>>> print(open('query30.txt').read())   # compact mmCIF, C-alpha atoms
# COMPACT_ATOMS: atom_id res chain seq x y z
CA MET A 1 123.37 85.15 133.40
CA GLY A 2 124.05 88.86 133.68
CA ILE A 3 122.40 89.48 130.33
CA PHE A 4 119.52 87.29 131.34
CA LEU A 5 118.98 89.30 134.52
CA LYS A 6 119.25 92.60 132.71
CA THR A 7 116.78 91.39 130.09
CA LEU A 8 114.45 90.26 132.80
CA ILE A 9 114.64 93.60 134.58
CA ALA A 10 114.14 95.45 131.31
CA LEU A 11 111.18 93.24 130.55
CA MET A 12 109.64 93.82 133.93
CA LEU A 13 110.13 97.56 133.63
CA GLY A 14 108.50 97.33 130.23
CA LEU A 15 105.54 95.52 131.72
CA VAL A 16 105.24 98.10 134.46
CA ALA A 17 105.24 100.79 131.77
CA LEU A 18 102.58 98.91 129.82
CA ARG A 19 100.42 98.60 132.91
CA ALA A 20 100.94 102.21 133.81
CA SER A 21 100.06 103.42 130.35
CA ALA A 22 96.97 101.26 130.36
CA GLY A 23 95.86 103.10 133.48
CA ASP A 24 93.98 100.13 134.78
CA VAL A 25 95.59 96.80 135.58
CA ASP A 26 92.29 94.98 135.12
CA ILE A 27 92.35 95.58 131.40
CA LEU A 28 95.38 95.02 129.20
CA ILE A 29 95.77 95.91 125.57
CA HIS A 30 98.17 93.82 123.56
CA ASP A 31 99.72 94.46 120.12
CA PRO A 32 97.49 97.31 118.96
CA TRP A 33 97.93 98.16 115.27
CA VAL A 34 96.25 99.95 112.40
CA ARG A 35 96.54 98.59 108.88
CA ALA A 36 98.48 100.88 106.56
CA ALA A 37 96.37 101.73 103.53
CA PRO A 38 96.52 103.74 100.32
CA PRO A 39 96.67 107.46 101.26
CA ASN A 40 93.24 108.21 99.78
CA VAL A 41 91.43 105.59 101.86
CA LYS A 42 88.99 107.17 104.29
CA VAL A 43 88.15 104.16 106.43
CA LEU A 44 90.73 102.06 108.24
CA ALA A 45 90.73 99.27 110.78
CA ALA A 46 92.47 98.87 114.13
CA TYR A 47 93.17 95.54 115.80
CA PHE A 48 94.42 94.40 119.21
CA GLU A 49 93.93 91.83 121.90
CA ILE A 50 92.04 93.00 124.95
CA LYS A 51 92.43 91.07 128.16
CA ASN A 52 90.23 91.31 131.19
CA ASN A 53 92.16 90.29 134.30
CA SER A 54 89.38 91.17 136.71
CA LYS A 55 86.77 88.85 138.12
CA LYS A 56 83.92 90.82 136.55
CA PRO A 57 82.92 91.16 132.93
CA GLN A 58 84.06 94.45 131.40
CA THR A 59 81.97 96.11 128.75
CA LEU A 60 83.49 98.45 126.23
CA THR A 61 80.92 101.10 125.36
CA LYS A 62 82.84 103.82 123.55
CA VAL A 63 85.91 104.02 121.37
CA SER A 64 87.53 107.19 120.11
CA SER A 65 90.70 108.58 118.60
CA PRO A 66 91.76 112.19 118.19
CA ALA A 67 93.16 111.19 114.78
CA PHE A 68 89.73 110.24 113.38
CA ASP A 69 86.31 111.87 113.18
CA GLN A 70 84.52 108.70 114.12
CA VAL A 71 85.41 105.29 115.56
CA GLY A 72 83.11 102.30 115.90
CA ILE A 73 83.21 98.68 116.99
CA HIS A 74 82.65 96.45 113.99
CA ARG A 75 82.61 92.83 113.10
CA THR A 76 83.07 91.20 109.71
CA VAL A 77 80.76 88.26 109.28
CA MET A 78 81.25 85.81 106.44
CA HIS A 79 78.28 83.90 105.21
CA GLU A 80 78.63 81.73 102.10
CA ASN A 81 81.51 83.90 100.88
CA MET A 82 79.50 87.08 101.40
CA ALA A 83 81.23 89.57 103.65
CA HIS A 84 78.91 91.60 105.86
CA MET A 85 79.80 94.25 108.40
CA GLU A 86 78.02 94.54 111.69
CA HIS A 87 78.11 97.56 113.91
CA LEU A 88 78.27 96.69 117.62
CA GLU A 89 77.05 99.07 120.29
CA GLU A 90 79.29 97.46 122.89
CA LEU A 91 81.74 94.65 123.42
CA THR A 92 81.91 92.59 126.60
CA ILE A 93 85.10 90.88 127.69
CA PRO A 94 84.31 88.03 130.08
CA PRO A 95 86.21 87.81 133.38
CA GLN A 96 89.73 86.38 133.13
CA ALA A 97 89.46 86.18 129.38
CA ALA A 98 90.69 87.88 126.25
CA VAL A 99 88.91 89.03 123.11
CA VAL A 100 90.94 89.34 119.94
CA LEU A 101 90.23 91.95 117.30
CA LYS A 102 91.84 90.64 114.13
CA PRO A 103 91.55 90.80 110.33
CA GLY A 104 88.40 89.12 109.07
CA GLY A 105 86.62 89.45 112.42
CA LEU A 106 86.20 92.05 115.14
CA HIS A 107 87.86 95.38 114.51
CA LEU A 108 87.59 99.06 115.26
CA MET A 109 86.46 100.98 112.22
CA LEU A 110 88.29 104.29 111.98
CA MET A 111 86.54 106.84 109.81
CA ASP A 112 87.87 110.02 108.21
CA ALA A 113 91.48 110.43 109.26
CA LYS A 114 92.29 114.04 110.09
CA LYS A 115 95.60 113.63 108.29
CA PRO A 116 97.08 110.72 106.30
CA LEU A 117 98.80 108.07 108.38
CA GLN A 118 102.38 106.97 107.84
CA ILE A 119 103.75 103.47 108.32
CA GLY A 120 105.39 103.38 111.73
CA GLY A 121 103.21 106.23 112.99
CA GLN A 122 101.19 106.09 116.19
CA VAL A 123 97.43 106.40 116.50
CA PRO A 124 96.24 107.36 119.98
CA MET A 125 93.06 105.64 121.10
CA THR A 126 90.77 105.77 124.07
CA LEU A 127 88.48 102.99 125.18
CA THR A 128 85.70 103.77 127.66
CA PHE A 129 84.05 101.05 129.71
CA ARG A 130 80.61 100.90 131.24
CA ASN A 131 82.03 101.34 134.74
CA GLY A 132 83.40 104.70 133.63
CA LYS A 133 87.02 103.62 133.40
CA THR A 134 89.04 104.58 130.37
CA ILE A 135 92.19 103.25 128.79
CA THR A 136 94.40 105.26 126.49
CA PHE A 137 97.04 103.69 124.30
CA SER A 138 98.71 104.07 120.92
CA ALA A 139 98.38 101.71 117.98
CA ILE A 140 101.20 101.44 115.48
CA VAL A 141 100.51 101.84 111.76
CA ARG A 142 101.87 98.85 109.87
CA SER A 143 101.14 96.71 106.86
CA ASP A 144 99.14 93.54 107.09
CA GLN A 145 101.23 90.62 108.28
CA MET A 146 98.85 88.00 106.98
CA GLY A 147 100.62 85.40 104.92
CA ASP A 148 104.09 86.57 105.81
CA THR A 149 106.43 83.93 107.05
CA GLU A 150 107.30 85.97 110.12
CA ASP A 151 103.64 86.05 111.02
CA HIS A 152 104.20 85.25 114.66
CA GLN A 153 107.07 87.58 115.37
CA HIS A 154 104.65 90.29 116.27
CA MET A 155 103.03 88.16 118.89
CA ASN A 156 104.26 89.57 122.13
CA HIS A 157 104.01 87.02 124.85
CA SER A 158 104.43 89.42 127.72
CA MET A 159 100.74 89.51 128.31
CA HIS A 160 100.41 85.84 128.99
CA GLU A 161 103.18 86.04 131.54
CA ASN A 162 101.88 89.26 132.86
CA HIS A 163 98.74 88.08 134.49
CA LYS A 164 100.35 85.26 136.37
CA PRO A 165 100.45 86.09 140.08
CA MET B 1 77.38 64.90 97.12
CA LEU B 2 79.29 67.32 94.95
CA SER B 3 81.94 64.78 94.07
CA VAL B 4 79.26 62.21 93.18
CA ALA B 5 77.67 64.75 90.90
CA VAL B 6 81.04 65.53 89.34
CA VAL B 7 81.74 61.85 88.74
CA VAL B 8 78.28 61.22 87.30
CA THR B 9 78.56 64.27 85.07
CA ALA B 10 82.04 63.29 84.01
CA ILE B 11 81.02 59.74 83.05
CA PHE B 12 77.85 60.92 81.37
CA GLY B 13 79.74 63.63 79.54
CA TRP B 14 82.42 61.21 78.49
CA GLN B 15 79.88 58.80 77.01
CA LEU B 16 78.05 61.55 75.19
CA SER B 17 81.08 63.22 73.73
CA ASN B 18 83.18 60.12 73.35
CA GLU B 19 86.19 62.34 73.94
CA THR B 20 88.96 61.92 76.43
CA VAL B 21 87.94 63.51 79.71
CA VAL B 22 90.77 65.38 81.35
CA LYS B 23 89.96 65.39 85.01
CA PRO B 24 91.52 68.21 86.98
CA PRO B 25 94.02 67.21 89.67
CA GLU B 26 92.19 66.75 92.96
CA GLU B 27 93.98 69.61 94.69
CA ILE B 28 92.62 72.19 92.27
CA GLU B 29 89.17 70.68 91.71
CA ASP B 30 87.50 72.89 94.31
CA TYR B 31 88.92 76.03 92.72
CA LEU B 32 87.56 75.32 89.24
CA PHE B 33 84.12 75.76 87.82
CA TRP B 34 82.69 72.57 86.38
CA GLN B 35 82.69 74.14 83.04
CA ALA B 36 84.46 77.30 81.97
CA LYS B 37 81.80 79.90 81.32
CA ASP B 38 82.09 82.37 78.46
CA LEU B 39 81.65 85.88 79.74
CA THR B 40 79.55 88.21 77.64
CA GLU B 41 80.39 91.81 76.81
CA PHE B 42 80.50 94.30 79.67
CA LYS B 43 81.72 97.83 80.16
CA LEU B 44 83.32 99.38 83.22
CA MET B 45 85.18 102.63 83.74
CA GLY B 46 88.79 103.04 84.82
CA ALA B 47 90.97 106.10 85.41
CA ASN B 48 91.55 108.63 82.59
CA ASN B 49 88.24 107.68 80.95
CA LYS B 50 89.66 104.32 79.98
CA THR B 51 87.00 101.67 79.69
CA LEU B 52 87.40 98.02 80.57
CA SER B 53 85.55 95.51 78.43
CA LEU B 54 85.65 91.80 77.72
CA ASN B 55 88.42 92.20 75.19
CA ASP B 56 90.73 93.58 77.90
CA LEU B 57 90.50 90.29 79.74
CA LYS B 58 91.59 88.23 76.78
CA GLY B 59 95.17 87.10 76.39
CA ARG B 60 95.81 87.22 80.12
CA TRP B 61 94.67 85.63 83.36
CA SER B 62 92.55 88.06 85.36
CA PHE B 63 92.01 87.95 89.10
CA VAL B 64 88.75 89.80 89.71
CA PHE B 65 87.61 91.07 93.10
CA PHE B 66 84.43 93.00 93.95
CA GLY B 67 84.70 95.42 96.87
CA TYR B 68 84.72 99.10 97.88
CA THR B 69 87.38 101.35 99.33
CA HIS B 70 85.38 102.30 102.44
CA CYS B 71 85.70 98.65 103.43
CA PRO B 72 88.26 98.61 106.25
CA ASP B 73 88.71 94.90 106.80
CA VAL B 74 87.95 92.29 104.14
CA CYS B 75 88.90 94.32 101.06
CA PRO B 76 92.40 95.40 102.10
CA VAL B 77 93.05 91.92 103.52
CA THR B 78 92.09 90.26 100.24
CA MET B 79 93.85 92.85 98.10
CA GLY B 80 96.95 92.48 100.27
CA ILE B 81 96.92 88.70 99.85
CA LEU B 82 96.47 89.01 96.08
CA GLY B 83 99.21 91.63 95.84
CA LYS B 84 101.62 89.34 97.67
CA ALA B 85 100.54 86.36 95.54
CA PHE B 86 101.37 88.47 92.46
CA THR B 87 104.78 89.27 93.92
CA LEU B 88 105.39 85.52 94.27
CA LEU B 89 104.17 84.86 90.72
CA GLU B 90 106.25 87.69 89.30
CA LYS B 91 109.37 85.67 90.08
CA THR B 92 108.57 83.69 86.92
CA PRO B 93 108.77 86.19 84.03
CA ALA B 94 106.50 84.16 81.72
CA VAL B 95 103.80 84.06 84.39
CA SER B 96 104.33 87.67 85.36
CA GLN B 97 103.35 88.84 81.87
CA GLU B 98 100.17 86.78 81.93
CA ILE B 99 98.48 88.09 85.07
CA GLN B 100 96.42 91.14 85.97
CA GLY B 101 94.27 92.09 88.94
CA ILE B 102 90.95 93.88 88.57
CA PHE B 103 89.31 95.57 91.55
CA ILE B 104 85.69 96.33 90.76
CA SER B 105 84.15 98.83 93.16
CA VAL B 106 80.46 98.21 93.68
CA ASP B 107 80.21 101.62 95.39
CA PRO B 108 80.39 104.12 92.50
CA LYS B 109 78.88 106.88 94.62
CA ARG B 110 81.98 107.12 96.80
CA ASP B 111 84.65 105.52 94.58
CA THR B 112 85.70 107.39 91.46
CA PRO B 113 87.79 105.68 88.74
CA GLU B 114 90.69 107.99 89.68
CA SER B 115 90.57 107.09 93.35
CA LEU B 116 90.35 103.41 92.41
CA LYS B 117 93.52 103.62 90.39
CA GLU B 118 95.41 104.88 93.44
CA TYR B 119 93.76 102.28 95.66
CA ALA B 120 94.33 99.25 93.43
CA SER B 121 97.89 100.02 92.38
CA TYR B 122 98.89 100.41 96.05
CA PHE B 123 98.58 96.63 96.45
CA ASN B 124 100.39 95.75 93.23
CA ASP B 125 101.06 97.68 90.04
CA LYS B 126 99.40 94.88 88.09
CA PHE B 127 96.06 95.89 89.61
CA ILE B 128 93.62 98.21 87.98
CA GLY B 129 90.53 99.67 89.61
CA VAL B 130 87.24 100.12 87.81
CA THR B 131 83.61 100.85 88.55
CA GLY B 132 80.45 101.60 86.62
CA ASP B 133 76.88 102.70 86.96
CA PRO B 134 74.60 100.40 88.97
CA GLU B 135 73.33 98.64 85.83
CA GLN B 136 76.82 97.97 84.50
CA LEU B 137 77.96 96.68 87.90
CA GLU B 138 74.89 94.51 88.24
CA ALA B 139 75.54 93.04 84.79
CA ILE B 140 79.13 92.00 85.43
CA ALA B 141 78.39 90.82 88.97
CA ARG B 142 75.52 88.66 87.72
CA GLN B 143 77.83 86.96 85.22
CA MET B 144 80.06 85.89 88.08
CA SER B 145 77.25 85.34 90.60
CA ALA B 146 78.88 87.95 92.82
CA LEU B 147 76.10 89.39 94.93
CA PHE B 148 76.42 92.78 96.55
CA THR B 149 74.08 94.97 98.58
CA ILE B 150 74.40 98.61 99.53
CA HIS B 151 72.92 99.13 102.99
CA ALA B 152 71.63 102.65 102.74
CA SER B 153 68.06 103.77 102.33
CA ASP B 154 69.41 106.58 100.17
CA PRO B 155 73.12 106.35 99.30
CA GLN B 156 72.90 109.78 97.65
CA LYS B 157 72.27 111.40 101.01
CA SER B 158 74.34 109.23 103.32
CA SER B 159 78.11 108.78 103.23
CA THR B 160 78.65 106.24 105.99
CA TYR B 161 76.66 103.27 104.74
CA LEU B 162 77.99 99.72 104.65
CA VAL B 163 78.16 97.37 101.69
CA SER B 164 77.91 93.58 101.71
CA HIS B 165 79.80 91.90 98.92
CA ASN B 166 81.06 88.57 97.74
CA SER B 167 84.64 88.17 98.90
CA THR B 168 85.57 85.47 96.41
CA VAL B 169 88.39 86.21 93.99
CA PHE B 170 87.28 85.17 90.52
CA LEU B 171 89.71 83.86 87.94
CA VAL B 172 89.07 84.57 84.28
CA ASP B 173 91.17 82.65 81.75
CA PRO B 174 92.94 84.18 78.73
CA GLN B 175 89.96 83.23 76.54
CA GLY B 176 87.69 85.44 78.63
CA ARG B 177 85.98 82.57 80.40
CA LEU B 178 85.11 82.41 84.06
CA TYR B 179 87.42 79.57 84.98
CA GLY B 180 88.07 79.41 88.70
CA ARG B 181 87.63 81.05 92.07
CA PHE B 182 89.48 81.51 95.32
CA PRO B 183 87.07 81.53 98.25
CA PRO B 184 88.16 83.40 101.39
CA PRO B 185 90.27 83.16 103.44
CA GLN B 186 93.39 82.68 101.37
CA THR B 187 97.10 83.08 101.76
CA PRO B 188 99.45 84.46 99.07
CA GLN B 189 101.17 81.07 98.90
CA GLU B 190 97.89 79.23 98.37
CA VAL B 191 96.77 81.61 95.64
CA ALA B 192 100.12 81.46 93.83
CA GLU B 193 100.52 77.68 94.06
CA VAL B 194 96.96 76.91 93.06
CA PHE B 195 97.09 79.38 90.21
CA LEU B 196 100.23 77.75 88.77
CA LYS B 197 98.51 74.36 88.90
CA ILE B 198 95.39 75.74 87.27
CA ARG B 199 97.48 77.36 84.57
CA MET B 200 99.26 74.08 83.86
CA PHE B 201 96.01 72.14 83.81
CA HIS B 202 94.48 74.75 81.50
CA SER B 203 97.19 74.24 78.87
CA GLU B 204 97.05 70.44 79.17
CA ARG B 205 93.30 70.43 78.92
CA ASP B 206 93.46 72.52 75.78
CA LYS B 207 95.69 69.89 74.25
CA LYS B 208 93.50 66.98 75.19
CA ARG B 209 90.13 68.73 74.88
CA TRP B 210 87.97 68.27 77.91
CA VAL B 211 84.38 67.96 76.75
CA PHE B 212 81.65 67.51 79.28
CA PHE B 213 78.53 67.86 77.18
>>> encode(input="query30.txt", output="structure tokens")
Amino acid sequence: MGIFLKTLIALMLGLVALRASAGDVDILIHDPWVRAAPPNVKVLAAYFEIKNNSKKPQTLTKVSSPAFDQVGIHRTVMHENMAHMEHLEELTIPPQAAVVLKPGGLHLMLMDAKKPLQIGGQVPMTLTFRNGKTITFSAIVRSDQMGDTEDHQHMNHSMHENHKP
Amino acid sequence: MLSVAVVVTAIFGWQLSNETVVKPPEEIEDYLFWQAKDLTEFKLMGANNKTLSLNDLKGRWSFVFFGYTHCPDVCPVTMGILGKAFTLLEKTPAVSQEIQGIFISVDPKRDTPESLKEYASYFNDKFIGVTGDPEQLEAIARQMSALFTIHASDPQKSSTYLVSHNSTVFLVDPQGRLYGRFPPPQTPQEVAEVFLKIRMFHSERDKKRWVFF
């Protein structure tokens, strides 16, 4: 029971920290990561889940990172086994809903790293919304989990509990 | 529709050839081409001025993937899956010696053979990276029906263009024939398990001679 309570308190503190770092409780970023890649690769991808807890749609209009020259919102589209990439000017998250950026779909395209990334390293990112609000967070550099048996271990469920009143 | 066509072709082929038809097991049917297709000579360039030609595909199973290193999503996902599939297959020494991965960059303006070596071997040391001039790339891609398009009005001037490409992994048998394909998305387990079944079927079919036409 004692351990349970402590864990609960730690968890809640963690959530408070997450909210604080997000800077805006209306928008939550969950499990942000950048795929580790060969050192000579110039273009990488970042993924995360973005949750809009507000009652209004939120539109992401600008993405940036001090670690990269250029960042864009992209989507991979598969059509008859052909992979195409689409550049999106903006991304709208409907009210009380989440949008998932994940391999094979939506992602942030990170171009021209200022220095090579290391596995376990942090990539700071800033998202700017149409209403002028910004969110800053760090994405962890890790290898692709796809196909690993522990696929779901990285799913952090805090977010789903987080937005309950 | 497809299965009807396969059945009709199989029966027709059987009557014409009067040979025993070895039908592939159902679970690998979708991964195989109806008929293995002989590849014709091609030439691509790898690191250290080493060329890759048809002869280099013979004697081993080759997993061939067309992509480009400025591709942040589909290419590393697919290469990662293939690399992990190879790690699974490497557990069987006999199989381990028989497989190689070939990453063909369709973006020779930005990808040099040297950079491709570093890129491909990152995913598994059984991978090599090659590219070629547009004509050479076109020629090998056409043989595998692997379309690609470079979306730049002038790739010589721009460095941020996108490329559309076929994200199928093609399987070439040790006789240098286009034999099978893994359409996306795949998992390492699927690729490894299906490959082992294809490999087994391939050796059985050789024994029994599968003649369609």
>>> closest_residue(input="query30.txt", among="B:Ser153, B:Asn48, B:Thr168, B:Thr87", to="Gly180 in chain B", atoms="all atoms listed in the file")
B:Thr168
>>> residues_around(input="query30.txt", residues="Arg110 in chain B", least_positions_apart="6", cutoff="9 Å", atoms="all atoms listed in the file", output="mmCIF file with C-alpha atoms, in the frame of the given file")
data_model
loop_
_atom_site.group_PDB
_atom_site.id
_atom_site.type_symbol
_atom_site.label_atom_id
_atom_site.label_comp_id
_atom_site.auth_asym_id
_atom_site.auth_seq_id
_atom_site.Cartn_x
_atom_site.Cartn_y
_atom_site.Cartn_z
ATOM 1 C CA TYR B 68 84.720 99.100 97.880
ATOM 2 C CA THR B 69 87.380 101.350 99.330
ATOM 3 C CA HIS B 70 85.380 102.300 102.440
ATOM 4 C CA SER B 159 78.110 108.780 103.230
#
>>> closest_atom_pairs(input="query30.txt", of="chain A", to="chain B", cutoff="7 Å", atoms="only C-alpha atoms", output="JSON lines")
{"residue": "A:Pro38", "atom": "CA", "partner": "B:Tyr119", "partner_atom": "CA", "distance": 5.6}
{"residue": "A:Val41", "atom": "CA", "partner": "B:Thr69", "partner_atom": "CA", "distance": 6.4}
{"residue": "A:Lys42", "atom": "CA", "partner": "B:His70", "partner_atom": "CA", "distance": 6.3}
{"residue": "A:Val43", "atom": "CA", "partner": "B:His70", "partner_atom": "CA", "distance": 5.2}
{"residue": "A:Leu44", "atom": "CA", "partner": "B:Pro72", "partner_atom": "CA", "distance": 4.7}
{"residue": "A:Ala45", "atom": "CA", "partner": "B:Pro72", "partner_atom": "CA", "distance": 5.2}
{"residue": "A:Asn81", "atom": "CA", "partner": "B:Asn166", "partner_atom": "CA", "distance": 5.6}
{"residue": "A:Met82", "atom": "CA", "partner": "B:Asn166", "partner_atom": "CA", "distance": 4.2}
{"residue": "A:Ala83", "atom": "CA", "partner": "B:His165", "partner_atom": "CA", "distance": 5.5}
{"residue": "A:His84", "atom": "CA", "partner": "B:Ser164", "partner_atom": "CA", "distance": 4.7}
{"residue": "A:Met85", "atom": "CA", "partner": "B:Leu162", "partner_atom": "CA", "distance": 6.9}
{"residue": "A:Pro103", "atom": "CA", "partner": "B:Asp73", "partner_atom": "CA", "distance": 6.1}
{"residue": "A:Gly104", "atom": "CA", "partner": "B:Val74", "partner_atom": "CA", "distance": 5.9}
{"residue": "A:Met109", "atom": "CA", "partner": "B:Pro72", "partner_atom": "CA", "distance": 6.7}
{"residue": "A:Gly147", "atom": "CA", "partner": "B:Thr187", "partner_atom": "CA", "distance": 5.3}
>>> atom_distance(input="query30.txt", atom1="CA of Leu60 in chain A", atom2="CA of Leu127 in chain A")
6.8 Å
>>> atom_distance(input="query30.txt", atom1="CA of Ser54 in chain A", atom2="CA of Val34 in chain A")
26.7 Å
>>> closest_residue(input="query30.txt", among="A:Ala37, A:Leu88, A:Val141, A:Leu117", to="Lys62 in chain A", atoms="all atoms listed in the file")
A:Leu88
>>> closest_residue(input="query30.txt", among="A:Ala97, A:Met125, A:Ile119, A:Val25", to="Arg142 in chain A", atoms="all atoms listed in the file")
A:Ile119
>>> atom_distance(input="query30.txt", atom1="CA of Lys117 in chain B", atom2="CA of Val130 in chain B")
7.6 Å
>>> closest_residue(input="query30.txt", among="A:Gly105, A:Gly72, A:Pro94, A:Pro32", to="Lys56 in chain A", atoms="only C-alpha atoms")
A:Pro94
>>> closest_residue(input="query30.txt", among="A:Ala67, A:Val100, A:Ile29, A:Ile93", to="Gly121 in chain A", atoms="only C-alpha atoms")
A:Ala67
>>> closest_residue(input="query30.txt", among="B:Val194, B:Leu32, B:Val106, B:Leu171", to="Ala141 in chain B", atoms="only C-alpha atoms")
B:Val106
>>> residues_around(input="query30.txt", residues="range 128-138 of chain A", least_positions_apart="5", cutoff="10 Å", atoms="only C-alpha atoms", output="PDB file with C-alpha atoms, in the coordinates of the input")
ATOM      1  CA  LEU A  18     102.580  98.910 129.820  1.00  0.00           C
ATOM      2  CA  SER A  21     100.060 103.420 130.350  1.00  0.00           C
ATOM      3  CA  ALA A  22      96.970 101.260 130.360  1.00  0.00           C
ATOM      4  CA  GLY A  23      95.860 103.100 133.480  1.00  0.00           C
ATOM      5  CA  ASP A  24      93.980 100.130 134.780  1.00  0.00           C
ATOM      6  CA  VAL A  25      95.590  96.800 135.580  1.00  0.00           C
ATOM      7  CA  ILE A  27      92.350  95.580 131.400  1.00  0.00           C
ATOM      8  CA  LEU A  28      95.380  95.020 129.200  1.00  0.00           C
ATOM      9  CA  ILE A  29      95.770  95.910 125.570  1.00  0.00           C
ATOM     10  CA  HIS A  30      98.170  93.820 123.560  1.00  0.00           C
ATOM     11  CA  ASP A  31      99.720  94.460 120.120  1.00  0.00           C
ATOM     12  CA  PRO A  32      97.490  97.310 118.960  1.00  0.00           C
ATOM     13  CA  TRP A  33      97.930  98.160 115.270  1.00  0.00           C
ATOM     14  CA  VAL A  34      96.250  99.950 112.400  1.00  0.00           C
ATOM     15  CA  GLN A  58      84.060  94.450 131.400  1.00  0.00           C
ATOM     16  CA  THR A  59      81.970  96.110 128.750  1.00  0.00           C
ATOM     17  CA  LEU A  60      83.490  98.450 126.230  1.00  0.00           C
ATOM     18  CA  THR A  61      80.920 101.100 125.360  1.00  0.00           C
ATOM     19  CA  LYS A  62      82.840 103.820 123.550  1.00  0.00           C
ATOM     20  CA  VAL A  63      85.910 104.020 121.370  1.00  0.00           C
ATOM     21  CA  SER A  64      87.530 107.190 120.110  1.00  0.00           C
ATOM     22  CA  SER A  65      90.700 108.580 118.600  1.00  0.00           C
ATOM     23  CA  GLU A  90      79.290  97.460 122.890  1.00  0.00           C
ATOM     24  CA  LEU A  91      81.740  94.650 123.420  1.00  0.00           C
ATOM     25  CA  THR A  92      81.910  92.590 126.600  1.00  0.00           C
ATOM     26  CA  GLY A 121     103.210 106.230 112.990  1.00  0.00           C
ATOM     27  CA  GLN A 122     101.190 106.090 116.190  1.00  0.00           C
ATOM     28  CA  VAL A 123      97.430 106.400 116.500  1.00  0.00           C
TER      29      VAL A 123
END
>>> residues_around(input="query30.txt", residues="Thr40 in chain B", least_positions_apart="5", cutoff="12 Å", atoms="only C-alpha atoms", output="list in words")
Ser53, Leu54, Asn55, Leu57, Ala139, Ile140, Ala141, Arg142, Gln143, Met144, Gln175, Gly176, Arg177 and Leu178 of chain B
